[in-house]
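**Q** Sharing a structure below in structure tokens format, with a few things to ask.
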Amino acid sequence: MEGEINLWSTKVNSMMEERQKKEEILKILEENARLSDKEIARMLGLEEEDVKQTISELENRGVIKRYKAVINPEKAGIDTVQALIDVKVNSERNAGYDNVAERISRFPEVKSVRLVSGEYDLSVLVEGNTMREVAYFVAEKISSLEQVRNTVTHFLLKSYKENGEIYEEEEKGKRLAVTL
């Protein structure tokens, strides 16, 4: 009996260590996906092959969807317009909001779709070349869907932080305006 408990305890500890290793690798990749397997292994005190296998498994299981750069569009000279669209939906029996969310997700202008709490049901991030293009997309593609009851569009005027990256650090030595 005692041997079985020790074996069970060893398996549980091993599973926890494996989970913790995966979480640590994911944290590192989220911060800098350009690090090599060798560098990640060195950081975590693991074998390079172990890191390579773990990352491959996470990719195959769809945990890691893709690797991408966080780009500051203003500094890159990219002129696009983004808007957050709040969408109120008639939920479907046995499907809830999933069907309409999946349908909205398929439009190439849509960057993200999230189910949210509150007055509206979905929050949709849309990108286009002009405000007119985004407004047309909302009117013709989103609002025209049968399940959509109402939308509210919020055009994004400036981004200060995206995906954990602050776009403009305050200049050192720059004084803040003070009013009395």
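Each chain in the structure tokens gets a letter, A, B and so on, in the order shown; residues start at 1 in every chain, and ligands are counted from 1 in the order they appear.
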Would you mind listing what lies within 12 Å of A:Ser91 as a VMD selection string, with only C-alpha atoms counted and same-chain residues fewer than 5 positions away left out?

**A** chain A and resid 96 to 101 115 120 to 122 146 to 149

**Q** Rank nothing, just name the residue among A:Gly128, A:Lys68, A:Arg103, A:Arg114 nearest to A:Glu30, using only C-alpha atoms.

**A**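 Closest residue, counting only C-alpha atoms: A:Lys68.
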
**Q** Which is closest to A:Asn72 among A:Lys158, A:Arg106, A:Lys21, A:Arg34, if we use only C-alpha atoms?

**A**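 The closest residue to A:Asn72 is A:Lys158.
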
**Q** For A:Leu35, find every residue with an atom within 12 Å (counting only C-alpha atoms), except residues of its own chain fewer than 4 positions away, and show them as a PyMOL selection string.

**A** chain A and resi 25-31+39-43+51-52+67

**Q** Generate the output file for the selected residues, N, CA and C atoms, as a CSV table (one decimal), in the first residue's frame.

**A**
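selection38.csv, written as the output of this step:
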```csv
chain,number,residue,atom,x,y,z
A,25,ILE,N,8.0,27.8,-20.4
A,25,ILE,CA,8.3,27.9,-21.8
A,25,ILE,C,7.4,28.9,-22.5
A,26,LEU,N,6.1,28.8,-22.2
A,26,LEU,CA,5.1,29.6,-22.8
A,26,LEU,C,5.3,31.1,-22.4
A,27,LYS,N,5.6,31.3,-21.1
A,27,LYS,CA,5.9,32.7,-20.7
A,27,LYS,C,7.1,33.3,-21.4
A,28,ILE,N,8.1,32.5,-21.5
A,28,ILE,CA,9.3,33.0,-22.2
A,28,ILE,C,9.0,33.3,-23.7
A,29,LEU,N,8.3,32.4,-24.4
A,29,LEU,CA,8.0,32.6,-25.8
A,29,LEU,C,7.1,33.8,-26.0
A,30,GLU,N,6.1,34.1,-25.0
A,30,GLU,CA,5.3,35.2,-25.1
A,30,GLU,C,6.1,36.5,-25.0
A,31,GLU,N,7.1,36.5,-24.2
A,31,GLU,CA,8.0,37.7,-24.0
A,31,GLU,C,8.9,37.9,-25.2
A,39,GLU,N,18.7,28.7,-26.0
A,39,GLU,CA,18.6,29.8,-25.0
A,39,GLU,C,17.5,29.6,-24.0
A,40,ILE,N,16.4,29.0,-24.4
A,40,ILE,CA,15.3,28.8,-23.5
A,40,ILE,C,15.7,27.7,-22.5
A,41,ALA,N,16.4,26.6,-23.0
A,41,ALA,CA,16.9,25.5,-22.2
A,41,ALA,C,17.8,26.0,-21.2
A,42,ARG,N,18.7,26.9,-21.6
A,42,ARG,CA,19.7,27.5,-20.6
A,42,ARG,C,19.0,28.3,-19.5
A,43,MET,N,18.0,29.0,-19.9
A,43,MET,CA,17.3,29.9,-18.9
A,43,MET,C,16.6,29.0,-17.9
A,51,VAL,N,13.3,21.0,-24.5
A,51,VAL,CA,12.6,22.2,-24.9
A,51,VAL,C,12.0,22.1,-26.3
A,52,LYS,N,12.8,21.6,-27.2
A,52,LYS,CA,12.4,21.4,-28.6
A,52,LYS,C,11.1,20.5,-28.7
A,67,TYR,N,3.6,32.6,-34.3
A,67,TYR,CA,4.6,33.6,-33.7
A,67,TYR,C,4.4,34.9,-34.5
```

**Q** Do a neighbour search on A:Thr151 at 8 Å with only C-alpha atoms, toss out local chain neighbours closer than 2 positions, and write the hits as number ranges by chain.

**A** A: 85-88, 143, 148-149, 153

**Q** Name the residues of chain A that fall into strand (DSSP E) according to DSSP on the backbone, using the chain letters and numbers of this document, as a count of residues only.

**A** 34

**Q** State, in Å with one decimal place, the distance from atom CA of A:Glu18 to atom CA of A:Thr54.

**A**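 Separation between atom CA of A:Glu18 and atom CA of A:Thr54: 9.3 Å.
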
**Q** Where in stretch 2-180 of chain A does DSSP assign helix (DSSP H, G or I), given as a PyMOL selection string?

**A** chain A and resi 2-31+37-44+48-60+73-76+98-105+131-142

**Q** List as a list in words the protein and nucleic acid residues near A:Ala69, meaning an atom at most 10 Å away when only C-alpha atoms are counted, but skip any in the same chain fewer than 6 places from it.

**A**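 After dropping sequence-adjacent residues, the list is Asn32, Ala33, Arg34 and Asn163 of chain A.
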
**Q** Using only C-alpha atoms for the distances, tell me which of A:Ser123, A:Ser36, A:Asn150, A:Asn129 is nearest to A:Thr80.

**A**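 Residue with the minimum atom-to-atom distance to A:Thr80: A:Asn129.
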